[in-house]
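Asker: Got a structure for you, run18.cif, holding mmCIF, C-alpha atoms and all ligand atoms.
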data_target
loop_
_atom_site.label_atom_id
_atom_site.label_comp_id
_atom_site.auth_asym_id
_atom_site.auth_seq_id
_atom_site.Cartn_x
_atom_site.Cartn_y
_atom_site.Cartn_z
CA PRO A 528 14.99 194.17 186.39
CA VAL A 529 16.81 196.24 183.76
CA GLN A 530 14.90 194.48 180.98
CA LYS A 531 11.65 195.06 182.84
CA ALA A 532 12.38 198.75 183.33
CA ILE A 533 12.92 199.21 179.60
CA THR A 534 9.68 197.42 178.73
CA MET A 535 7.74 199.47 181.25
CA THR A 536 9.09 202.74 179.95
CA ASP A 537 8.13 201.73 176.41
CA HIS A 538 4.70 200.80 177.63
CA PHE A 539 4.17 204.14 179.41
CA ALA A 540 5.60 205.99 176.42
CA ASP A 541 3.03 204.29 174.17
CA LEU A 542 0.20 205.19 176.54
CA PHE A 543 1.47 208.75 176.93
CA GLU A 544 1.72 209.19 173.17
CA ARG A 545 -1.80 207.86 172.74
CA ALA A 546 -3.09 210.11 175.55
CA GLN A 547 -1.62 213.19 173.93
CA LYS A 548 -3.66 212.65 170.80
CA THR A 549 -6.97 213.32 172.55
CA ILE A 550 -6.07 214.94 175.91
CA PRO A 551 -4.11 218.24 176.04
CA GLY A 552 -0.59 217.26 177.11
CA GLY A 553 -1.89 213.74 177.73
CA VAL A 554 -3.12 214.63 181.23
CA ASN A 555 -6.16 216.03 182.98
CA SER A 556 -4.07 218.11 185.40
CA PRO A 557 -0.67 219.58 184.38
CA VAL A 558 1.60 218.29 187.21
CA ARG A 559 0.84 214.69 186.21
CA ALA A 560 2.82 215.12 182.99
CA PHE A 561 6.26 215.00 184.75
CA LYS A 562 7.25 218.21 182.96
CA GLY A 563 9.40 219.44 185.83
CA VAL A 564 11.15 216.15 186.58
CA GLY A 565 11.36 214.97 182.97
CA GLY A 566 10.64 211.50 181.63
CA THR A 567 7.38 209.71 181.01
CA PRO A 568 4.62 209.63 183.61
CA VAL A 569 3.75 206.29 185.19
CA PHE A 570 0.29 205.02 184.29
CA PHE A 571 -1.49 203.33 187.17
CA LYS A 572 -4.27 200.80 187.20
CA ARG A 573 -5.00 200.01 190.85
CA ALA A 574 -4.10 200.99 194.40
CA SER A 575 -4.43 199.41 197.81
CA GLY A 576 -3.25 200.57 201.24
CA SER A 577 0.07 202.37 200.95
CA ARG A 578 0.72 201.02 197.44
CA MET A 579 -0.16 201.99 193.88
CA TYR A 580 0.35 199.49 191.04
CA ASP A 581 1.24 200.55 187.53
CA THR A 582 -0.13 199.03 184.33
CA GLU A 583 2.66 196.42 184.48
CA ASP A 584 1.85 195.50 188.09
CA LYS A 585 4.95 197.11 189.57
CA ALA A 586 4.20 198.32 193.13
CA TYR A 587 5.10 201.76 194.46
CA ILE A 588 4.93 203.00 198.04
CA ASP A 589 2.79 206.07 197.48
CA TYR A 590 3.61 209.39 199.20
CA VAL A 591 1.32 211.44 196.96
CA LEU A 592 -1.99 209.78 197.90
CA SER A 593 -3.83 211.43 195.03
CA TRP A 594 -2.41 214.77 196.30
CA GLY A 595 -3.80 214.30 199.77
CA PRO A 596 -7.26 212.71 199.95
CA GLN A 597 -6.25 209.13 200.75
CA ILE A 598 -5.38 209.66 204.42
CA LEU A 599 -6.63 206.16 205.28
CA GLY A 600 -4.61 204.64 202.46
CA HIS A 601 -6.02 203.53 199.13
CA GLY A 602 -9.20 201.48 198.92
CA ASP A 603 -10.15 201.57 202.59
CA GLU A 604 -12.72 198.88 203.22
CA LYS A 605 -15.24 200.99 205.18
CA VAL A 606 -15.10 203.74 202.57
CA ARG A 607 -15.73 201.25 199.78
CA GLU A 608 -18.59 199.67 201.72
CA ALA A 609 -20.19 203.07 202.33
CA ILE A 610 -19.91 203.92 198.63
CA HIS A 611 -21.36 200.58 197.52
CA ALA A 612 -24.26 200.88 199.93
CA GLN A 613 -25.08 204.39 198.71
CA VAL A 614 -24.76 203.45 195.04
CA ASP A 615 -27.51 200.90 195.62
CA GLN A 616 -29.75 203.67 197.02
CA SER A 617 -29.09 206.46 194.52
CA LEU A 618 -26.20 208.09 192.65
CA THR A 619 -27.69 211.56 192.93
CA PHE A 620 -30.93 213.29 193.85
CA GLY A 621 -30.34 216.95 193.03
CA ALA A 622 -32.57 217.47 196.07
CA PRO A 623 -31.89 217.50 199.82
CA CYS A 624 -30.83 214.28 201.55
CA GLU A 625 -29.92 213.41 205.13
CA LEU A 626 -26.29 212.55 204.34
CA GLU A 627 -25.65 216.23 203.56
CA ILE A 628 -26.81 217.20 207.05
CA GLU A 629 -24.66 214.49 208.61
CA MET A 630 -21.67 215.80 206.68
CA ALA A 631 -22.34 219.41 207.69
CA GLU A 632 -22.76 218.42 211.34
CA LYS A 633 -19.54 216.40 211.24
CA VAL A 634 -17.52 219.23 209.67
CA CYS A 635 -18.90 221.80 212.14
CA SER A 636 -18.04 219.52 215.05
CA LEU A 637 -14.48 218.84 213.86
CA VAL A 638 -13.63 222.42 212.86
CA PRO A 639 -15.04 224.72 215.54
CA SER A 640 -14.65 227.96 213.51
CA ILE A 641 -17.09 226.51 210.97
CA GLU A 642 -20.65 227.25 212.10
CA LYS A 643 -22.20 226.63 208.69
CA VAL A 644 -20.78 224.88 205.65
CA ARG A 645 -21.64 224.41 202.00
CA MET A 646 -20.46 221.49 199.89
CA VAL A 647 -18.99 221.89 196.41
CA ASN A 648 -17.16 219.55 193.99
CA SER A 649 -13.52 220.67 194.17
CA GLY A 650 -11.06 222.80 196.08
CA THR A 651 -11.09 225.34 193.27
CA GLU A 652 -14.84 225.79 193.63
CA ALA A 653 -14.47 226.13 197.39
CA THR A 654 -11.93 228.98 197.22
CA MET A 655 -13.67 230.69 194.31
CA SER A 656 -16.96 230.67 196.22
CA ALA A 657 -15.40 231.76 199.51
CA ILE A 658 -13.80 234.74 197.79
CA ARG A 659 -17.05 235.78 196.11
CA LEU A 660 -18.81 235.47 199.46
CA ALA A 661 -16.16 237.58 201.21
CA ARG A 662 -16.45 240.25 198.51
CA GLY A 663 -20.23 240.21 198.68
CA TYR A 664 -20.21 240.37 202.46
CA THR A 665 -17.73 243.25 202.71
CA GLY A 666 -18.76 245.10 199.55
CA ARG A 667 -15.04 245.36 198.68
CA ASP A 668 -12.96 244.05 195.78
CA ILE A 669 -9.32 243.57 196.80
CA LEU A 670 -8.04 240.09 197.55
CA VAL A 671 -4.68 239.54 199.25
CA LYS A 672 -2.84 236.28 198.66
CA PHE A 673 0.73 234.97 199.03
CA GLU A 674 3.46 234.06 196.60
CA GLY A 675 3.86 230.29 196.33
CA ASN A 676 0.41 229.54 197.75
CA TYR A 677 -2.03 227.81 195.41
CA HIS A 678 -5.76 228.02 195.79
CA GLY A 679 -7.02 226.39 192.62
CA HIS A 680 -7.37 227.95 189.22
CA ALA A 681 -10.10 230.58 189.52
CA ASP A 682 -9.29 233.81 187.62
CA SER A 683 -8.61 236.05 190.61
CA LEU A 684 -6.11 233.51 191.98
CA LEU A 685 -3.91 233.07 188.90
CA VAL A 686 -2.17 236.33 189.64
CA LYS A 687 1.37 237.24 190.61
CA ALA A 688 2.77 240.35 192.21
CA GLY A 689 3.12 243.36 189.94
CA SER A 690 6.38 245.26 189.87
CA GLY A 691 7.10 246.55 193.36
CA MET A 692 5.77 245.07 196.53
CA LEU A 693 2.47 246.86 196.78
CA THR A 694 1.28 247.25 193.22
CA LEU A 695 -1.80 245.40 192.13
CA GLY A 696 -1.43 242.07 190.39
CA VAL A 697 -0.79 240.89 186.85
CA PRO A 698 -2.17 237.65 185.35
CA THR A 699 0.03 234.54 185.45
CA SER A 700 -2.05 232.84 182.77
CA PRO A 701 -3.38 234.04 179.45
CA GLY A 702 -7.15 234.10 179.71
CA VAL A 703 -7.18 235.98 182.99
CA PRO A 704 -8.23 239.59 182.25
CA GLU A 705 -6.02 242.34 183.69
CA SER A 706 -9.23 243.93 184.92
CA VAL A 707 -9.68 240.88 187.18
CA ALA A 708 -6.01 240.47 188.18
CA LYS A 709 -5.74 244.08 189.27
CA HIS A 710 -7.91 243.31 192.30
CA THR A 711 -5.44 240.72 193.63
CA LEU A 712 -2.40 241.68 195.69
CA THR A 713 0.34 239.08 196.11
CA LEU A 714 2.63 239.31 199.16
CA GLU A 715 5.56 237.28 200.45
CA TYR A 716 4.60 234.32 202.68
CA ASN A 717 5.88 234.50 206.26
CA ASN A 718 6.47 238.24 206.00
CA PRO A 719 4.18 239.95 208.52
CA GLU A 720 5.75 243.34 207.82
CA ALA A 721 4.53 243.19 204.20
CA VAL A 722 1.04 242.37 205.47
CA ARG A 723 1.02 245.36 207.83
CA GLU A 724 2.25 247.70 205.07
CA CYS A 725 -0.37 246.37 202.70
CA PHE A 726 -3.17 247.00 205.18
CA LYS A 727 -1.84 250.49 205.88
CA GLU A 728 -2.18 251.33 202.21
CA TYR A 729 -5.29 249.39 201.17
CA GLY A 730 -6.94 248.28 204.45
CA ASP A 731 -10.40 249.76 203.85
CA ARG A 732 -10.55 248.21 200.35
CA ILE A 733 -9.46 244.67 201.26
CA ALA A 734 -12.32 242.16 201.08
CA ALA A 735 -10.28 239.13 202.09
CA VAL A 736 -6.90 237.62 202.80
CA ILE A 737 -6.57 234.03 201.59
CA VAL A 738 -3.69 231.90 202.85
CA GLU A 739 -2.56 228.30 203.09
CA PRO A 740 -1.98 228.19 206.88
CA VAL A 741 0.47 225.37 206.21
CA ALA A 742 1.66 225.79 202.64
CA GLY A 743 1.74 222.64 200.54
CA ASN A 744 2.09 224.04 197.05
CA MET A 745 5.59 225.44 197.41
CA ASN A 746 6.78 222.17 198.83
CA CYS A 747 5.84 222.10 202.55
CA ILE A 748 6.32 225.38 204.41
CA LEU A 749 5.17 226.07 207.95
CA PRO A 750 3.91 229.46 209.09
CA GLU A 751 6.48 231.25 211.24
CA PRO A 752 5.33 232.37 214.69
CA GLY A 753 3.42 235.63 214.34
CA PHE A 754 2.56 235.34 210.65
CA LEU A 755 -0.96 233.89 210.95
CA GLU A 756 -1.54 236.00 214.06
CA THR A 757 -0.73 239.16 212.08
CA LEU A 758 -3.20 238.16 209.36
CA ARG A 759 -5.84 237.65 212.03
CA SER A 760 -5.30 240.96 213.75
CA GLU A 761 -5.03 243.04 210.55
CA CYS A 762 -8.22 241.48 209.14
CA THR A 763 -10.05 242.10 212.41
CA ASP A 764 -8.85 245.70 212.61
CA HIS A 765 -9.87 246.50 209.03
CA GLY A 766 -13.09 244.50 208.69
CA SER A 767 -11.60 242.10 206.12
CA VAL A 768 -12.45 238.41 205.92
CA LEU A 769 -9.65 235.98 206.79
CA ILE A 770 -9.88 232.82 204.68
CA PHE A 771 -7.77 229.81 205.61
CA ASP A 772 -7.44 227.58 202.57
CA GLU A 773 -7.28 224.21 204.30
CA VAL A 774 -8.02 222.19 201.17
CA MET A 775 -4.71 220.45 201.81
CA SER A 776 -4.04 221.01 205.53
CA GLY A 777 -7.63 220.32 206.66
CA PHE A 778 -8.03 216.98 208.53
CA ARG A 779 -4.38 216.46 207.56
CA VAL A 780 -1.98 218.38 209.82
CA ALA A 781 -4.43 217.85 212.72
CA LEU A 782 -8.04 216.71 212.98
CA GLY A 783 -9.14 220.36 213.24
CA GLY A 784 -6.64 221.47 210.57
CA ALA A 785 -3.91 224.09 210.77
CA GLN A 786 -6.22 226.43 212.67
CA GLU A 787 -6.23 223.91 215.52
CA LEU A 788 -2.49 223.28 215.31
CA PHE A 789 -1.56 226.99 215.36
CA ASN A 790 -4.55 228.20 217.34
CA VAL A 791 -5.56 231.01 214.98
CA THR A 792 -9.21 231.29 214.00
CA PRO A 793 -10.19 232.31 210.46
CA ASP A 794 -13.58 233.73 209.41
CA LEU A 795 -13.94 231.30 206.51
CA THR A 796 -12.26 227.96 205.77
CA THR A 797 -12.04 226.07 202.51
CA LEU A 798 -11.77 222.29 202.49
CA GLY A 799 -11.25 219.55 199.92
CA LYS A 800 -9.24 216.36 199.42
CA VAL A 801 -9.66 214.35 202.69
CA ILE A 802 -13.27 215.55 203.09
CA GLY A 803 -14.25 213.53 200.02
CA GLY A 804 -12.29 210.38 200.85
CA GLY A 805 -11.20 210.16 197.19
CA MET A 806 -14.42 211.40 195.60
CA PRO A 807 -14.52 214.88 193.99
CA VAL A 808 -15.55 217.06 196.95
CA GLY A 809 -14.81 220.50 198.34
CA ALA A 810 -16.45 222.66 200.98
CA PHE A 811 -16.35 226.15 202.38
CA GLY A 812 -17.68 227.29 205.70
CA GLY A 813 -17.24 229.60 208.63
CA LYS A 814 -19.09 232.21 210.65
CA ALA A 815 -22.85 231.81 210.31
CA GLU A 816 -23.23 235.56 209.85
CA ILE A 817 -21.05 235.44 206.73
CA MET A 818 -22.32 232.10 205.40
CA ASP A 819 -25.91 233.38 205.59
CA TYR A 820 -25.00 235.89 202.90
CA LEU A 821 -25.26 232.96 200.48
CA ALA A 822 -28.33 232.30 198.34
CA PRO A 823 -31.08 231.32 199.04
CA VAL A 824 -31.01 233.28 202.34
CA GLY A 825 -28.58 235.98 201.21
CA PRO A 826 -27.73 237.84 198.01
CA VAL A 827 -24.45 236.09 197.01
CA TYR A 828 -25.09 233.44 194.36
CA GLN A 829 -23.45 230.02 194.47
CA ALA A 830 -24.82 226.63 193.37
CA GLY A 831 -24.00 223.10 192.12
CA THR A 832 -25.90 220.33 190.29
CA LEU A 833 -23.94 217.59 192.07
CA ALA A 834 -23.02 219.52 195.23
CA GLY A 835 -23.55 217.38 198.32
CA ASN A 836 -23.70 214.30 196.11
CA PRO A 837 -24.81 211.35 198.29
CA VAL A 838 -22.11 208.93 197.10
CA ALA A 839 -19.43 211.53 197.74
CA MET A 840 -20.94 212.37 201.15
CA ALA A 841 -20.94 208.68 202.08
CA ALA A 842 -17.26 208.32 201.14
CA GLY A 843 -16.33 211.51 202.97
CA LEU A 844 -18.23 210.61 206.13
CA ALA A 845 -16.73 207.11 206.20
CA THR A 846 -13.31 208.79 206.04
CA LEU A 847 -13.97 211.50 208.64
CA ASN A 848 -15.49 208.98 211.06
CA GLN A 849 -12.32 206.90 210.94
CA ILE A 850 -9.84 209.72 211.41
CA ASP A 851 -11.90 211.02 214.32
CA GLN A 852 -10.47 208.31 216.58
CA PRO A 853 -7.87 208.40 219.36
CA GLY A 854 -4.26 207.88 218.31
CA VAL A 855 -4.75 208.50 214.59
CA TYR A 856 -2.82 211.76 214.34
CA GLN A 857 -0.13 210.56 216.67
CA GLN A 858 0.55 207.54 214.46
CA LEU A 859 0.53 209.69 211.32
CA SER A 860 2.94 212.26 212.82
CA GLU A 861 5.28 209.62 214.20
CA ARG A 862 5.59 207.83 210.86
CA ALA A 863 6.06 211.11 208.97
CA GLY A 864 8.67 212.15 211.53
CA ALA A 865 10.52 208.85 211.12
CA LEU A 866 10.54 209.34 207.35
CA THR A 867 11.87 212.92 207.41
CA GLN A 868 14.41 212.16 210.14
CA GLY A 869 15.53 209.11 208.17
CA LEU A 870 15.89 211.11 204.97
CA ARG A 871 18.01 213.73 206.75
CA ASP A 872 20.24 211.02 208.29
CA ARG A 873 20.75 209.22 204.96
CA ALA A 874 21.48 212.48 203.14
CA ALA A 875 24.01 213.49 205.80
CA LYS A 876 25.70 210.10 205.44
CA ALA A 877 25.90 210.62 201.67
CA GLY A 878 27.25 214.16 202.20
CA ILE A 879 24.23 215.74 200.48
CA PRO A 880 22.66 218.90 201.96
CA LEU A 881 19.00 218.19 202.67
CA THR A 882 16.45 219.87 204.94
CA THR A 883 12.94 218.73 205.77
CA ASN A 884 9.72 220.28 207.01
CA GLY A 885 6.68 218.55 208.40
CA ALA A 886 3.27 219.11 210.00
CA GLY A 887 1.30 216.03 210.98
CA SER A 888 1.35 213.68 208.01
CA MET A 889 2.34 216.39 205.53
CA PHE A 890 6.05 216.71 204.78
CA GLY A 891 8.61 218.24 202.45
CA TYR A 892 12.27 217.68 201.69
CA PHE A 893 14.61 220.25 200.18
CA PHE A 894 17.97 219.85 198.50
CA SER A 895 19.17 223.04 200.12
CA GLU A 896 22.16 224.24 202.15
CA ASP A 897 19.76 226.28 204.30
CA GLU A 898 19.18 224.83 207.74
CA LYS A 899 15.58 226.01 207.73
CA VAL A 900 13.38 226.62 204.70
CA SER A 901 10.47 228.99 205.30
CA ARG A 902 10.37 231.34 202.30
CA PHE A 903 9.32 230.81 198.71
CA SER A 904 12.65 232.26 197.50
CA GLN A 905 14.48 229.48 199.39
CA VAL A 906 12.30 226.81 197.81
CA ALA A 907 12.91 228.29 194.37
CA ALA A 908 16.68 228.24 195.02
CA CYS A 909 16.81 224.49 195.79
CA ASP A 910 18.84 222.12 193.61
CA THR A 911 16.10 220.98 191.22
CA GLU A 912 18.47 218.94 189.10
CA ARG A 913 19.39 216.85 192.14
CA PHE A 914 15.72 216.63 193.09
CA ASN A 915 14.88 215.26 189.66
CA ARG A 916 17.58 212.59 189.87
CA PHE A 917 16.46 211.64 193.36
CA PHE A 918 12.82 211.47 192.24
CA HIS A 919 13.61 209.17 189.30
CA GLY A 920 15.95 207.04 191.39
CA MET A 921 13.21 206.52 193.96
CA LEU A 922 10.64 205.83 191.25
CA ASP A 923 12.87 203.05 189.90
CA GLU A 924 13.10 201.71 193.45
CA GLY A 925 9.30 201.60 193.70
CA VAL A 926 8.73 204.74 195.76
CA TYR A 927 6.34 207.34 194.38
CA PHE A 928 7.18 210.80 195.69
CA ALA A 929 5.52 213.92 194.25
CA PRO A 930 6.88 214.55 190.74
CA SER A 931 7.69 218.19 191.50
CA SER A 932 9.95 219.95 194.00
CA PHE A 933 7.11 222.40 194.66
CA GLU A 934 4.71 219.83 196.11
CA ALA A 935 4.32 218.46 199.62
CA GLY A 936 4.29 214.74 200.40
CA PHE A 937 1.72 212.81 202.45
CA LEU A 938 1.50 209.72 204.61
CA SER A 939 -1.56 207.59 205.28
CA LEU A 940 -2.67 205.38 208.13
CA ALA A 941 -1.86 202.43 205.86
CA HIS A 942 1.85 203.29 205.79
CA THR A 943 3.59 200.85 208.10
CA GLU A 944 6.93 201.12 209.87
CA GLN A 945 8.18 198.60 207.34
CA ASP A 946 7.12 200.89 204.48
CA ILE A 947 9.19 203.68 206.02
CA ASP A 948 12.17 201.34 206.44
CA LEU A 949 11.93 200.17 202.82
CA THR A 950 11.68 203.79 201.66
CA LEU A 951 14.75 204.80 203.66
CA GLU A 952 16.79 201.83 202.43
CA ALA A 953 15.91 202.84 198.87
CA ALA A 954 16.76 206.48 199.66
CA GLU A 955 20.16 205.42 200.98
CA ARG A 956 20.95 203.65 197.71
CA VAL A 957 19.69 206.53 195.58
CA LEU A 958 21.38 209.28 197.62
CA GLY A 959 24.62 207.29 197.42
CA ARG A 960 24.46 207.49 193.63
CA LEU A 961 23.54 211.20 193.32
N1 LIG A 1001 -6.27 224.95 197.62
C1 LIG A 1001 -5.21 224.23 197.96
C2 LIG A 1001 -4.45 224.59 199.19
C3 LIG A 1001 -4.83 223.14 197.18
O1 LIG A 1001 -3.75 222.43 197.53
C4 LIG A 1001 -5.57 222.81 196.03
C5 LIG A 1001 -5.22 221.64 195.14
N2 LIG A 1001 -3.99 221.09 195.27
C6 LIG A 1001 -6.68 223.60 195.72
C7 LIG A 1001 -7.02 224.65 196.53
C8 LIG A 1001 -7.52 223.29 194.51
O2 LIG A 1001 -8.24 222.14 194.70
P1 LIG A 1001 -8.77 221.29 193.45
O3 LIG A 1001 -7.57 220.78 192.73
O4 LIG A 1001 -9.62 220.23 194.07
O5 LIG A 1001 -9.58 222.23 192.61
#
Once you've parsed the file, please lay out its structure as structure tokens.
Ligand code: PMP
Answerer:
Amino acid sequence: PVQKAITMTDHFADLFERAQKTIPGGVNSPVRAFKGVGGTPVFFKRASGSRMYDTEDKAYIDYVLSWGPQILGHGDEKVREAIHAQVDQSLTFGAPCELEIEMAEKVCSLVPSIEKVRMVNSGTEATMSAIRLARGYTGRDILVKFEGNYHGHADSLLVKAGSGMLTLGVPTSPGVPESVAKHTLTLEYNNPEAVRECFKEYGDRIAAVIVEPVAGNMNCILPEPGFLETLRSECTDHGSVLIFDEVMSGFRVALGGAQELFNVTPDLTTLGKVIGGGMPVGAFGGKAEIMDYLAPVGPVYQAGTLAGNPVAMAAGLATLNQIDQPGVYQQLSERAGALTQGLRDRAAKAGIPLTTNGAGSMFGYFFSEDEKVSRFSQVAACDTERFNRFFHGMLDEGVYFAPSSFEAGFLSLAHTEQDIDLTLEAAERVLGRL
């Protein structure tokens, strides 16, 4: 095995070096480059069920699932069949087709706050469009978001808090004009007092509040009781649009998303990942009154050459139809719960402080002394060096966890009890060596 590990690393290093010659940083999305955890990224060539296989055919139990979409596991048969059947009909029309209606009807039936929905090609497009719509609808400019939440890479979202709690934002990336960033306010997640203060000061200028109702981009953080409720009531009182970014949590933490789990109703919802079953899909939807502000009925412009693409709709529908079955979310939650409980037990045995969070089949683990992790500052204070060693130890053992301590993990319906047992046995060995 040692010999094999060395060969594999060389192989990946060769591929990574080659990739960097023609792709910036060798990757098409930054987190794939293993910058935080160090080392060379694994290059994969196929995936099936709960497993991904690298270019040398080594198997990994996958808890990333392409960052969420593969809730059925990789290569689900019905999804593949639906794709193949549609490919034989047409790859794209650029004109209306019935599958788009089926998709819209399915989404509206699964997420009751969504009365009308429009399809796009990524989560970024979904949030970008929802924000433009909210601004067009309210005639206001200010957007409120939360530290540690990620909503894709549109200009107005790559913004951090300015100095002092309630100053307008500054860009976090070159290329984002200050004149754009200044319309974004960034507040602390799970701090309802900050939200109330913000609305006191800027309420009549706030177009929208956008939030991950279960946060998955600062590891996995659950909303504390009262936080989402405060967003709802402040938005209602001030005529601002409440946007739940459920690109990650949608169809994931519950069939109806975080809004079902926590019983708080947003005005608009953004979706992605699971809704495309592995194809590049996003969506945004909500109250008909707001959605009808979109062109061609309303004045707010938004469009897409491949939006509602029939192959993508077929894959998404085949996925949604399978998760809309009795027992699915119970199985997912039970397996995720067994994994997080098992990780805590093994860490305790090894004398290593570790906390976990979970919602449905979304989970996070933290190398932290804190009993409960619910703030971004706590996530940032975790032992990243220990995380990195754990990550690489598990990778060697054939378990693929997210290569960053700021990302949530996911389970699929294809993860068996045996997969969880194998993962925990590996974790015990790795934790014992940390
Ligand atoms: N919103 C959330 C909550 C996300 O997790 C992500 C992606 N991880 C996005 C938006 C952006 O989606 P995409 O990467 O498809 O553009």
Asker: Let me make sure I understand: among A:Leu847, A:Ala842, A:Thr832, A:Gly777, which one has the smallest atom-to-atom distance to Ala612 in chain A if we use only C-alpha atoms?
Answerer: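 Smallest separation from Ala612 in chain A among the options: A:Ala842.
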Asker: List all protein, DNA and RNA residues that have any atom at most 9 Å from ligand LIG 1001 (chain A), counting all atoms listed in the file, and write the list as a PyMOL selection string.
Answerer: chain A and resi 556+594-595+648-654+676-681+738-744+771-776+797-800+807-809+934
Asker: For Glu724 in chain A, which of A:Thr757, A:Gln613, A:Thr699, A:Ser593 is the closest residue, counting all atoms listed in the file?
Answerer: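 Between A:Thr757, A:Gln613, A:Thr699, A:Ser593, the residue approaching Glu724 in chain A most closely is A:Thr757.
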Asker: Tell me, counting only C-alpha atoms, for each residue of range 573-604 of chain A within 12 Å of range 857-876 of chain A, which pair of atoms is nearest and how far apart they are in Å to one decimal, in rows ordered by chain and increasing number, as a Markdown table.
Answerer:
| residue | atom | partner | partner_atom | distance |
| --- | --- | --- | --- | --- |
| A:Tyr590 | CA | A:Ala863 | CA | 10.2 |
| A:Ile598 | CA | A:Leu859 | CA | 9.1 |
| A:Leu599 | CA | A:Leu859 | CA | 10.0 |
| A:Gly600 | CA | A:Leu859 | CA | 11.4 |
Asker: Export, as an mmCIF file, in the frame of the given file, the selected residues with C-alpha atoms.
Answerer:
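That gives us result-v8.cif:
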data_model
loop_
_atom_site.group_PDB
_atom_site.id
_atom_site.type_symbol
_atom_site.label_atom_id
_atom_site.label_comp_id
_atom_site.auth_asym_id
_atom_site.auth_seq_id
_atom_site.Cartn_x
_atom_site.Cartn_y
_atom_site.Cartn_z
ATOM 1 C CA TYR A 590 3.610 209.390 199.200
ATOM 2 C CA ILE A 598 -5.380 209.660 204.420
ATOM 3 C CA LEU A 599 -6.630 206.160 205.280
ATOM 4 C CA GLY A 600 -4.610 204.640 202.460
#
Asker: Residues within 6 Å of Gly696 in chain A, please, as a ChimeraX atom specification. Count all atoms listed in the file; anything in the same chain fewer than 6 positions from it doesn't count.
Answerer: /A:686-689,708-709,711-712
Asker: Can you rebuild range 866-880 of chain A with N, CA and C atoms and give it as a compact mmCIF listing (two decimals), keeping the file's coordinate frame?
Answerer:
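Result file is selection_32.txt:
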# COMPACT_ATOMS: atom_id res chain seq x y z
N LEU A 866 10.13 209.23 208.76
CA LEU A 866 10.54 209.34 207.35
C LEU A 866 11.46 210.55 207.15
N THR A 867 11.06 211.71 207.66
CA THR A 867 11.87 212.92 207.41
C THR A 867 13.20 212.84 208.16
N GLN A 868 13.15 212.34 209.39
CA GLN A 868 14.41 212.16 210.14
C GLN A 868 15.34 211.20 209.39
N GLY A 869 14.76 210.11 208.91
CA GLY A 869 15.53 209.11 208.17
C GLY A 869 16.13 209.68 206.90
N LEU A 870 15.37 210.49 206.20
CA LEU A 870 15.89 211.11 204.97
C LEU A 870 17.07 212.03 205.29
N ARG A 871 16.91 212.82 206.36
CA ARG A 871 18.01 213.73 206.75
C ARG A 871 19.26 212.92 207.11
N ASP A 872 19.09 211.85 207.88
CA ASP A 872 20.24 211.02 208.29
C ASP A 872 20.94 210.43 207.08
N ARG A 873 20.14 209.85 206.15
CA ARG A 873 20.75 209.22 204.96
C ARG A 873 21.47 210.25 204.10
N ALA A 874 20.85 211.43 203.97
CA ALA A 874 21.48 212.48 203.14
C ALA A 874 22.80 212.92 203.78
N ALA A 875 22.79 213.08 205.11
CA ALA A 875 24.01 213.49 205.80
C ALA A 875 25.12 212.46 205.57
N LYS A 876 24.74 211.18 205.66
CA LYS A 876 25.70 210.10 205.44
C LYS A 876 26.29 210.16 204.03
N ALA A 877 25.43 210.55 203.07
CA ALA A 877 25.90 210.62 201.67
C ALA A 877 26.57 211.97 201.37
N GLY A 878 26.61 212.85 202.39
CA GLY A 878 27.25 214.16 202.20
C GLY A 878 26.43 215.09 201.31
N ILE A 879 25.11 214.91 201.33
CA ILE A 879 24.23 215.74 200.48
C ILE A 879 23.39 216.66 201.37
N PRO A 880 23.46 217.99 201.13
CA PRO A 880 22.66 218.90 201.96
C PRO A 880 21.17 218.70 201.73
